Protein chains: 4
Amino acid sequence: MADLNRLVEALVADMRAREDRGAVASYIPELAHVDAKKFGLAIALPDGEVVASGDCDEPFSIQSISKIFTLTLALGKQGDQLWTRVGREPSGNPFNSIVQLEAESGRPRNPFINAGALAVTDAVLSGRKPREALAEILGFIRMAAEDEAIFIDKSVAQSEKSTGFRNIALANFMKSFARLDSPADYVLGTYFHHCAIAMSCRQLALAGRFLAHSGRVSPKGARLVSGVRARRINALMLTCGCYDASGDFAFRVGLPGKSGVGGGILASAPGRASIAVWSPGLDAAGNSRLGALALERLAREMRWSIFGG
Amino acid sequence: MADLNRLVEALVADMRAREDRGAVASYIPELAHVDAKKFGLAIALPDGEVVASGDCDEPFSIQSISKIFTLTLALGKQGDQLWTRVGREPSGNPFNSIVQLEAESGRPRNPFINAGALAVTDAVLSGRKPREALAEILGFIRMAAEDEAIFIDKSVAQSEKSTGFRNIALANFMKSFARLDSPADYVLGTYFHHCAIAMSCRQLALAGRFLAHSGRVSPKGARLVSGVRARRINALMLTCGCYDASGDFAFRVGLPGKSGVGGGILASAPGRASIAVWSPGLDAAGNSRLGALALERLAREMRWSIFGG
Amino acid sequence: MADLNRLVEALVADMRAREDRGAVASYIPELAHVDAKKFGLAIALPDGEVVASGDCDEPFSIQSISKIFTLTLALGKQGDQLWTRVGREPSGNPFNSIVQLEAESGRPRNPFINAGALAVTDAVLSGRKPREALAEILGFIRMAAEDEAIFIDKSVAQSEKSTGFRNIALANFMKSFARLDSPADYVLGTYFHHCAIAMSCRQLALAGRFLAHSGRVSPKGARLVSGVRARRINALMLTCGCYDASGDFAFRVGLPGKSGVGGGILASAPGRASIAVWSPGLDAAGNSRLGALALERLAREMRWSIFGG
Amino acid sequence: MADLNRLVEALVADMRAREDRGAVASYIPELAHVDAKKFGLAIALPDGEVVASGDCDEPFSIQSISKIFTLTLALGKQGDQLWTRVGREPSGNPFNSIVQLEAESGRPRNPFINAGALAVTDAVLSGRKPREALAEILGFIRMAAEDEAIFIDKSVAQSEKSTGFRNIALANFMKSFARLDSPADYVLGTYFHHCAIAMSCRQLALAGRFLAHSGRVSPKGARLVSGVRARRINALMLTCGCYDASGDFAFRVGLPGKSGVGGGILASAPGRASIAVWSPGLDAAGNSRLGALALERLAREMRWSIFGG
């Protein structure tokens, strides 16, 4: 892995030297205050090694990346029943648009747009109190990452709660189509809190290993989910994981990835690596600009694209 | 390959025995007259062998599958300039909808929806007469498949011309946004004819090898396009290749695929195989129902999914 | 007025005998329990006389008809400034759709669709508590009708509050575009309560006189609003007053009218009459079916259409 | 009429002195070459007198105003059957948008948006050759205006034919939904030609008298259409006659009006006057800016608003 180590160091050095890093999300103060120059990268390999560099041990707000874990849990609870509540097609519209939801009677097109993630959160809740669902979500992530230090940043959750009018609108809109079982307040509270989970690149790469190894934490390690489920989540990440630029991410990077407005991206190279990158500056579509660029270079150099070496 | 041979025979036998094959496209008589019970499958392997069975040598109308080849040619002519004319995001809408085109000022979201394919055809034309462009398209496919017998079915082309009001509308709509260089008639004539190319599964699997082998007809064979171009076309096939069910196809099959309303699907398993399947019955989204099912089983049995073995 | 008396009696008798009265609104129990066979009609004439028949003195829930009165008050407070918050074009979409709101950045197309009415209610609130705004709204209606008995049916308001997810969504959606000054809860609370005002046809016809007499309660009576304001409200009623069937109402009836899902319609025949009709059964667009039919006949018989006698 | 004469002179003088007249339509050279400073006004009164001033005898391209006359003829041929082909609701969208047409399966929302006018033209054609339909349309207008000099400007028609991609798209789109009986070419040819009819304000005011007098050319004159038909056309003009600013026109002017991109507006004040105004500069919605302003003042001064004196 000498080569990969060198490549990672070179990538981090190069990215830190760039100025074209996009704008940090500003809609809540807790995200806006993050230092735009941060850059971290961590790669968990099949043998257990983690190659990491830069600000790879500093926790950041994972935001929408948390939707991977709630989806995994919801599929565990409901299996294919989940797909009656939410579709699995790319949305072809900005990530928080209500238009498509209206046209399709409150059934979100996929689990990664905000409306779909609310439906998934409702499935995870399954009649319980938000606190119980959050304990389960956090517990699953800690287990997957083998790290009990992962936490929810409550100030971030609180901020979103007081400014998240659009998500409140979405939840009530779905409620008007009888698409949520729990009260809108419960779903929103759980959603705002799981989006506020803080993790470092290292923790995130470790938590995502099961996507790279057909459901196991390593090729022969403990199984978290079935192989078919891991493959399907990868497929959804590829087609829908990067908001309205998912096609572009697949085109350029060639790996399943899920981004968050905190500037993180979790990507999986099946059979090869689980990768987490963090750079707070976002492009117009809401994805980490330098994070995506680093992944593009990494995949090309390592010949990790799922579309051909 | 004894295993693959047995698997292919079993798949063909099973598919032929099923009755739930969907409805044959009826909008033009030439497609409607096809025997719904036809089923063919052909797999081109890296060593040059083709494993094939069923109606694998009977030509069918490839229709939208031809968009792969025009895209390949247009990228060869224009490189990344092509993306100023057409996007690379899934459309999130039925394949021939005009709505998105309106909202985005005549720039189609991707090269595989009809509007995008018209833009691509216009790029292939690049000021020439339809006949010249068609000669180039057919020539490229014949070269890729190493088969000079591939032909354009003019009666199909003629039928589409006289009933293709929606495509005529699309072309003129794009013309109103100054999105086509050639006269609408030229673009439409070329489009209707390249969609009317007839190929057998065997021919199609051979023609698609360059997608499975990073641009070459075999791992060390002749190069048709660069590796990065092949990967990118695969990415577009995965995110946009199966109309409004592209997400579902990625979820179930896990391979880049492009379908046509003639009932064919061309899929690539990078590094492993180029696969063509044909079954004329379509599902609600316009994809071959049994074709997709056969690919789903094949990918699972052979562990060919790009999302993990 | 002997003729008009006879005509009104004949209309009421005829409408009561019909069975094709549409379905009573069922989304809240308080509306669903209303007897579908009720039919009332009241016509306030320039000389002060009210010709009325049927269930013309039974209070019903005026629902969206209340939007006329909040609009009148909001224009009094803000004048033409109000049009920066809300447009005055027909919406061309079902009355509670969010789509158009998304496309136009949270500015509702007109004051009579739900989103527009929420913006108008916010303008009436102008920083006050809901109770104060409601006192003003009810006070204005009582003054216009010269009847202090008009009241808010709190059980209806409470019902809407607990099931009005779509309106909650709309208010929060507008809040996300910074289109509301007051908290969403205040706006919604005020809105649900003014929609729950209960009035009889007689009271409603009296309250609407200022629309028929250029802002006065009679040709030479007390002025409530300026002539130009009354004309403009009539224009908005004609183009936008009957949800997505406003064009049809103008076409058939030829009078400015505003309907509510409680089955009431208030119409004005400028210079001639203020008319209120009530029949709880609704057509597909949400307008009182027999109410509209009765108005169509009345306008034709009396040659009251504003589009020519 | 001394007052009206003075008012008309003052209005014309005032409008000619203004500089804020908007931009002349530029999409075809024949319209772009018109002198922006032209201003004409003509008012046909019940007694047969025409009060006119400015460039009131200079022919201009009536464009969409012609849709009034084709609608009148189509209703004469098909009666209420016409409404199965086209709706009568405001569109809530820019005048030549395809979106709504897609959503409503090719049935245009009203006869005045381009798609609806094409459907109406198809109804007038009713299986005949374009020449025959055009002869009928021109004949009707000449009869209504009592002026045989009215003509079709063929250079304008030719220009539109060669640049009207969007209308070609619309016609083929409707054809794809089987919404046109005649070939798209016939419908388009007839449409481009009737839009290219040239008339002066005087001719236009005379041609529109039947709208002001319940279907007759004067209160007791010859009947062209029934009273109910005239009223209904007025209603459609009011709700849909001025593109996406119809609501605003009703709000400000308070008269049924139909505008054209040539800068003309025909308005009717039922029982009082038929009014034609011409000023080539357009506002953002495509209506004559000074034309609408002159009508607003005229209606206010004369107390002609249909919404109250």
# chains A, B, ... in the order shown; residues from 1 in each chain; ligands from 1
>>> interface_residues(of="chain D", to="chain C", cutoff="9 Å", atoms="only C-alpha atoms", output="ChimeraX atom specification")
/D:87-93,100,109,211-214,227-228,230-236,238-240,244-248,250-252,254-256,268-271,300,305-309
>>> write_last_selection(atoms="C-alpha atoms", output="JSON list (two decimals), in the first residue's frame")
[["chain", "number", "residue", "atom", "x", "y", "z"],
["D", 87, "GLY", "CA", -60.80, 23.73, -22.20],
["D", 88, "ARG", "CA", -61.91, 27.12, -20.98],
["D", 89, "GLU", "CA", -59.68, 27.71, -17.99],
["D", 90, "PRO", "CA", -56.86, 30.24, -17.72],
["D", 91, "SER", "CA", -53.57, 28.51, -18.25],
["D", 92, "GLY", "CA", -51.43, 30.01, -15.51],
["D", 93, "ASN", "CA", -48.40, 29.63, -17.74],
["D", 100, "GLN", "CA", -49.58, 22.03, -19.35],
["D", 109, "ARG", "CA", -56.56, 24.66, -21.46],
["D", 211, "LEU", "CA", -69.12, 41.15, -28.85],
["D", 212, "ALA", "CA", -70.42, 44.40, -27.39],
["D", 213, "HIS", "CA", -73.98, 43.96, -28.59],
["D", 214, "SER", "CA", -74.91, 40.42, -27.65],
["D", 227, "GLY", "CA", -76.28, 36.45, -27.43],
["D", 228, "VAL", "CA", -75.13, 33.60, -25.26],
["D", 230, "ALA", "CA", -71.11, 36.56, -27.57],
["D", 231, "ARG", "CA", -71.26, 36.60, -23.77],
["D", 232, "ARG", "CA", -69.20, 33.44, -23.55],
["D", 233, "ILE", "CA", -66.52, 34.72, -25.90],
["D", 234, "ASN", "CA", -66.33, 37.86, -23.77],
["D", 235, "ALA", "CA", -65.90, 35.67, -20.68],
["D", 236, "LEU", "CA", -63.04, 33.77, -22.33],
["D", 238, "LEU", "CA", -61.58, 38.30, -19.86],
["D", 239, "THR", "CA", -60.13, 35.20, -18.21],
["D", 240, "CYS", "CA", -57.66, 34.17, -20.94],
["D", 244, "ASP", "CA", -50.23, 35.21, -18.62],
["D", 245, "ALA", "CA", -51.29, 38.73, -17.67],
["D", 246, "SER", "CA", -55.03, 38.19, -18.19],
["D", 247, "GLY", "CA", -55.68, 38.54, -14.48],
["D", 248, "ASP", "CA", -53.77, 41.78, -14.37],
["D", 250, "ALA", "CA", -59.01, 42.29, -15.77],
["D", 251, "PHE", "CA", -57.81, 43.88, -12.54],
["D", 252, "ARG", "CA", -56.64, 47.10, -14.14],
["D", 254, "GLY", "CA", -62.02, 45.61, -16.25],
["D", 255, "LEU", "CA", -63.02, 44.83, -19.83],
["D", 256, "PRO", "CA", -62.85, 41.63, -21.91],
["D", 268, "SER", "CA", -65.50, 45.11, -25.60],
["D", 269, "ALA", "CA", -67.58, 47.14, -23.19],
["D", 270, "PRO", "CA", -70.87, 45.21, -23.35],
["D", 271, "GLY", "CA", -73.75, 47.46, -24.33],
["D", 300, "ARG", "CA", -62.01, 54.44, -15.75],
["D", 305, "SER", "CA", -65.62, 48.56, -16.27],
["D", 306, "ILE", "CA", -67.83, 45.50, -16.16],
["D", 307, "PHE", "CA", -66.97, 45.22, -12.46],
["D", 308, "GLY", "CA", -68.84, 48.36, -11.40],
["D", 309, "GLY", "CA", -69.07, 51.97, -12.51]]
>>> select_by_dssp(residues="range 190-287 of chain B", states="alpha helix (DSSP H)", output="number ranges by chain")
B: 190-195, 201-207, 209-212, 227-240, 246-252
>>> residues_around(residues="His33 in chain B", least_positions_apart="5", cutoff="9 Å", atoms="only C-alpha atoms", output="PyMOL selection string")
chain B and resi 24+26+28
>>> residues_around(residues="range 183-185 of chain A", least_positions_apart="6", cutoff="8 Å", atoms="only C-alpha atoms", output="list in words")
Ile168, Ala171, Asn172 and Lys175 of chain A
>>> atom_distance(atom1="CA of Glu296 in chain B", atom2="CA of Ala23 in chain B")
19.7 Å
>>> atom_distance(atom1="CA of Gly40 in chain A", atom2="CA of Trp278 in chain A")
5.0 Å
>>> closest_residue(among="B:Val50, B:Ala222, B:Leu204, B:Val34", to="Val156 in chain B", atoms="only C-alpha atoms")
B:Val34
>>> residues_around(residues="Asn114 in chain A", least_positions_apart="6", cutoff="12 Å", atoms="only C-alpha atoms", output="JSON, numbers by chain")
{"A": [63, 64, 65, 66, 67, 86, 91, 93, 94, 95, 96, 97, 98, 100, 101, 107, 108, 120, 121, 164, 166, 167, 168, 169, 170, 171, 174, 187, 188, 191, 192, 195, 240, 241, 243, 260]}
